[in-house]
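One structure is given here, and the rest of the page talks about it.
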There are 2 protein chains.
Amino acid sequence: MENLFWIGFIGAAAALLFALSRFRNVMKYSEGTDTMKKIAAAIRRGANAYLKRQYKSVAVFFLVMAVVLACLALLGMVSPFVPFAFVTGGVWSCLAGFIGMKVATAANSRTAHAASESLNRGLRVAFSSGAVMGFTVVGLGILDISIWFAVLRYGFHREAAEIATTMVMFGMGASAAALFARVGGGIFTKAADVGADLVGKVEAGIPEDDPRNPATISDNVGDNVGDVAGMGADLYESYVGSILATFAIGAAAGYGWNGMFLPVVLAVAGIFCSLIGTFFIRTGEKASQRELLKTLRTGTYFAAALAAVAAVPLTYFVMRGVTERWWGILISIFCGLIAGCAIGYFTEYFTSDTYRPTQDLAGTSETGAATVIIGGVSLGMKSTIAPILIIAVAVVVSFLTAGGTLRTNASGYAEFFSCGLYGIGIAAVGMLSTLGITLATDAYGPVADNAGGIAEMSGLGKEVRERTDALDSLGNTTAATGKGFAIGSAALTALALLVSYIDIAKSGMDYAPDLSITNPAVLVGVFIGAMLVFIFSALTMSAVQRAARSIVVEVRRQFREIAGLMEGTAEPDYEACVDLCTRGALKEMILPSILAVVVPILTGLILGVEGVVGLLTGAAVTGFAMAVFMANAGGAWDNAKKYIESGQLGGKGSDCHKAAVIGDTVGDPFKDTSGPSLNILIKLVSTVSIVFCGMIVKLSIF
Amino acid sequence: MENLFWIGFIGAAAALLFALSRFRNVMKYSEGTDTMKKIAAAIRRGANAYLKRQYKSVAVFFLVMAVVLACLALLGMVSPFVPFAFVTGGVWSCLAGFIGMKVATAANSRTAHAASESLNRGLRVAFSSGAVMGFTVVGLGILDISIWFAVLRYGFHREAAEIATTMVMFGMGASAAALFARVGGGIFTKAADVGADLVGKVEAGIPEDDPRNPATISDNVGDNVGDVAGMGADLYESYVGSILATFAIGAAAGYGWNGMFLPVVLAVAGIFCSLIGTFFIRTGEKASQRELLKTLRTGTYFAAALAAVAAVPLTYFVMRGVTERWWGILISIFCGLIAGCAIGYFTEYFTSDTYRPTQDLAGTSETGAATVIIGGVSLGMKSTIAPILIIAVAVVVSFLTAGGTLRTNASGYAEFFSCGLYGIGIAAVGMLSTLGITLATDAYGPVADNAGGIAEMSGLGKEVRERTDALDSLGNTTAATGKGFAIGSAALTALALLVSYIDIAKSGMDYAPDLSITNPAVLVGVFIGAMLVFIFSALTMSAVQRAARSIVVEVRRQFREIAGLMEGTAEPDYEACVDLCTRGALKEMILPSILAVVVPILTGLILGVEGVVGLLTGAAVTGFAMAVFMANAGGAWDNAKKYIESGQLGGKGSDCHKAAVIGDTVGDPFKDTSGPSLNILIKLVSTVSIVFCGMIVKLSIF
């Protein structure tokens, strides 16, 4: 079986070539008028400048960590490959985000221009650019894994188990880079957005994306560096992490090469299924929003169904030789695919204004901003029920069908137990196998958003703005669905990583750790994990607030000091705002990111492996619930505002609208900074723990 | 040692007699003018009417549950004492709340009148009434335990271990009654408060507690039924729960009668220490707010120090015979006492406007309501760090000093392990031993708040209002401290109950359950526990919102339809609002309360004991973090608003103030409904699980 891994290169090539063809397709469209070109160039410049400086900061962190890891490698506490893999993981993850940003900033004006011709053309450009990002992420992910596999197998002649336990450590670089990208980009985008809204919309009373607002370019830059580059890095990391964790669990379950090959071949199959799915996304000119949504959904669900069908012969072929339970593993894969779609559906139910919850939330604006906030918080918290139950069912079912039983004796952890856990890992891989297309529908959102901004700023006609609005509003829903997917896969991946961690830790310990919940070290670890989630959310949220405040001050200053700005005879200083956002984001992203690395190590040094296991559990569980809460509350607030703007409850400018705008502003850091960063946090603490496991085992106090 | 348990009756008698003397002392004061008497009577009538109807609803629930428990007892799945103990626990818990409410509604006008004479007199009346409540709770608590002990020991001649495992089930009645009281009262008080503020303060622009506002009496009734009766029932339950859980753990650790006697004797000693502490609370006429706070603190800290001193000979005398580690158990007690005070201190730091966090929060109002909300959410989340670290340290230290070690082999759970867990249980008892006085300083708050309302409504002079404001503002801080205490003890008690649960479950199982975190049943249980916390918070919050909305509609109607209301020539229909709040609260409290009972049973039936253990852990950890977050965010918003009202940032009526009022309104259900209810939730799920354990073991699917 180990000689079939070259299939990974085929998948990578297919994905990357398709991404290239989509990119070319995007570039064929016209950028539109000179004004549009100028605005697009300013956004591009801002995004480039920010990412360059972000990567510089990240490089410093990576340098320090690489040195630390090299020292640990010299002391024999980590594999000598880890420092290198750490760097490559980070570079690929950043690259995935960077390419996504590049194409998004090229596609925004083109989408606006295409939308001025027809809705269908607009959709095609925006979706094509999303596809570039989606397929780049999966292509680079599978390429990274295949290269390292080839190096370890054919360069260093390692055996299956060794490759598996070495490669699971490679996720840390991608996780760390993703966290920086998500947190930094998230702070940038929301500082700009909140700052622009607070002064522009609320104080000065000018519309969103009005060219007179000095923060409007920053706002559009933010969409690209946060929602595109950040999300790309995030999902790159989930994708790679789920495959690598399944490698390690497969080794523990004794499935050898077969257990490792299955996730790879599923991922490759998923790439081709996603590819086919993209051809189903097209729409007629008179399409309503519902039809737009339907075409995007058709593509996604079709790809998932196709992947499920393809999984049948693949699983049979790969696993039949090592376990009679190949059909159980197949069911686990189905669990993952279904769970992903189901979480997506419920996310949409809770956040789209075509359903009751968000409509009711809009209704709470009648009694003012306070009730909008209470209603949104309540809605977000309530919405955790669906994803948690879905994940719970997926975990139990995939564990049981893959051969595990829930009742084991205390000495437990026998072979069949690992087999069950393999089911959980492979469910995560199944959920992410069609990432190419889910990510494409997701990344399309910020492009449409940007296109709307460019249409507004360059004074395109009302019908163009209406079309980009339709595309954008749809983007909000698909973004919510995409976030549901991201968090669902993050939870499963985190669980898979937790299991790998325990396997790896146990193999290096001279006693059997008591991981039962009554062990105070475990229990305290769970508390610390939950605390980490709360602190991390608090820090990222207050970071947005501080950065937004500096934008508010700057925008107010420009309104005051630049003569003729409000009359439209003078231009605002966009660059100043971009620069402020950049500095704010880079400064504020440090502390939460460092925390995510330091807390698990410190916990390990004090409370040992038991404490770390508790921490990973607490962080995964609380982080999952909190991420769903924040993403959905934020999404619902946003769409409740849009619902009112569509003419309900008095429409734009009414008291209800003002209350809903406050809800939306609160929701901004919820849904685009803190919430999505938590996905990465829960995986980063796992990968950090795995990498530093050897050190913890040797040096912990208790 | 078993023949010394009569000491419990001495402690109960002392506490109850002292409560009676304080009650007489309160009643000696004059109720003031006729207007004041009339208003006080209206509040009393409303509170009585509400509690009567609440108890009726609760009685239905208790009847149903008692029948269910009786059936289980007949089937041999629970001890035959449980149905009776369930009812007595509920009755005592309700009684504690009822007496607290009685004295609070008698003391409010007396406090207002006394404050019109001098600040010191006002403080004395308010504090005396708080003391009635505090000492009633501890007196009834220890009385309940002593009576049941006598019945089981001398009536039925049971042995130590049997008494311990039987009595730990007795907490469920108190928990269930407390949950209804907290949730129902919390919804009542905040529906009235939010409703009154939204229309009165924001729309009509009349001050708080203005007699023209039809919801103002409901608001004051709410303080009594929510903050007083609810809190009394809550802490009654923590107090009894911590002692009973320690009984059970002591039995598992093999400490026999001695292990059971220690918590009782500590509680009795704590009663006397609290009693002495109350005499230190007095103040001069010109006392600043800082001095007022200092005198309350002196009393509390002095009582805690005294209890620590008393614990030395008591622990030596009681435990020396059964373990050499008596000094370790003593340190565990210290841990509890110190942790309680430390959590109280940090709660104050995060929520009092004399410190930076709340002042900074007030500053965020300069950029509008949205940033106030983001800032408060962030502050609340950040504030979880202190209590969690304190509890973590307390758990680890008390476990280790009491004789446990963190490294056990997988078959673990040996004697020394139980000894360590006994340390955690006794730490909870230590923390709550001076509950008499901490609760007195806490319960004093709503009385002062009511007094202020009565002073305003009956048109007492400005200097009286200033004095009651000083008392009230202090009450907000002590309430925050009290809440910190309540939640800290709830966490420790929940952990102790969790441990007892595992002991009891294991004794009834024919296999050793794998409680390690890798067991998917445990893991999924943790997810469900976290979900329960989110759903419960969501339900209680949206309940407040719905009930508040009906108040808003009613108040608007009265403003519109009652001629001469705004001019002060006609009286509003207060009763209508009280009635609406009552109906709203009773209707809305059902679902969350039922959920707390049903979810652990269902989880047990599906996932077995392992799933329940996970659920209890997830609920305790996430519930703890969430309760701290909500209580502190709410407290900080409230005090940030008060800070602005004191003249900062433009003072009352400024834009900053308006933004802060929105924050305060959002904070209301956070800090007075959802947050404190979570304390009870995490204990109720534990006691429910313990009671239904026998059934779960026999009937669970997996």
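By order of appearance in the structure tokens: chains A, B, ..., then residues from 1 within every chain, and ligands from 1 in the order shown.
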Next item on the list: Specify as a ChimeraX atom specification all residues of chain A found within 7 Å of chain B, counting only C-alpha atoms.
Entry: /A:369-371,373-375,378-379,381-382,384-385,388,392,395-396,406-412,499,511-521,524,527,530-531,534-535,538-539,541-542,545,621-622,625,662,665-666,702
Check: as a PyMOL selection string, which residues of segment 176-376 of chain A does DSSP assign to helix (DSSP H, G or I)?
Finding: chain A and resi 176-204+216-252+256-278+289-319+326-351+356-367+369-376
Next item on the list: With a distance cut-off of 10 Å and only C-alpha atoms, select the neighbouring residues of Ser550 of chain B, excluding the residue or stretch itself and same-chain residues fewer than 5 positions from it, and output the selection as a list in words.
Entry: Ala191, Ala192, Gly195, Gln545, Val555, Arg556, Cys577, Leu580, Cys581 and Gly584 of chain B
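Atom CA of Gln359 of chain B to atom CA of Asn639 of chain B spans 8.7 Å [interatomic distance, one decimal].
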Margin query: Could you list, as a ChimeraX atom specification, every residue within 12 Å of Gly653 of chain A, counting only C-alpha atoms and ignoring same-chain residues fewer than 6 positions away?
Written below: /A:201-202,205-207,641,644-647,659-661
Checklist line | Among listed residues B:Val265, B:Leu293, B:Ile243, B:Ile39, nearest Ala307 of chain B (using only C-alpha atoms) | finding: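 Result for the nearest residue to Ala307 of chain B: B:Val265.
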Next item on the list: Find the residues around Val697 of chain A up to 9 Å (only C-alpha atoms counted), leave out those fewer than 6 positions away in its own chain, and share them as a VMD selection string.
Entry: chain A and resid 505 508 to 509 604 to 605 608 to 609
Checklist line | Test item: residues at most 7 Å from Ser686 of chain A, only C-alpha atoms, excluding those fewer than 5 positions along its chain, as a VMD selection string | finding: chain A and resid 494 497 to 498 616
Residue neighbourhood Ala12 of chain A, 8 Å, only C-alpha atoms, exclusion window fewer than 3 positions, as a CSV table (one decimal) with N, CA and C atoms, in the first residue's frame:
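Saved result, out.csv, follows:
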```csv
chain,number,residue,atom,x,y,z
A,8,GLY,N,-1.3,11.1,-4.0
A,8,GLY,CA,-1.4,12.4,-3.4
A,8,GLY,C,-0.9,13.5,-4.4
A,9,PHE,N,0.2,13.2,-5.1
A,9,PHE,CA,0.7,14.2,-6.0
A,9,PHE,C,-0.2,14.5,-7.1
A,15,ALA,N,-5.7,19.7,-8.3
A,15,ALA,CA,-6.3,20.9,-7.5
A,15,ALA,C,-5.6,22.2,-7.9
A,16,LEU,N,-4.2,22.1,-8.0
A,16,LEU,CA,-3.5,23.3,-8.3
A,16,LEU,C,-3.7,23.8,-9.7
A,138,VAL,N,-6.5,23.0,-0.7
A,138,VAL,CA,-6.5,21.6,-0.6
A,138,VAL,C,-5.3,21.0,-1.4
A,139,GLY,N,-4.9,21.7,-2.5
A,139,GLY,CA,-3.8,21.3,-3.3
A,139,GLY,C,-2.5,21.4,-2.5
A,140,LEU,N,-2.3,22.5,-1.9
A,140,LEU,CA,-1.0,22.7,-1.1
A,140,LEU,C,-1.0,21.8,0.1
A,141,GLY,N,-2.2,21.5,0.7
A,141,GLY,CA,-2.2,20.7,1.8
A,141,GLY,C,-1.8,19.2,1.5
A,142,ILE,N,-2.4,18.7,0.4
A,142,ILE,CA,-2.1,17.3,0.1
A,142,ILE,C,-0.6,17.2,-0.5
A,143,LEU,N,-0.2,18.3,-1.1
A,143,LEU,CA,1.2,18.4,-1.6
A,143,LEU,C,2.2,18.3,-0.5
A,268,VAL,N,-7.9,12.9,-2.0
A,268,VAL,CA,-7.7,13.0,-3.4
A,268,VAL,C,-9.1,12.9,-4.1
```
Item checked: Shortest interatomic distance to Val464 of chain B - which of B:Phe346, B:Ser118, B:Ile551, B:Thr603, counting only C-alpha atoms -> B:Ser118
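Picture a line from atom CA of Ile331 of chain B to atom CA of Ala13 of chain B; it runs 28.8 Å.
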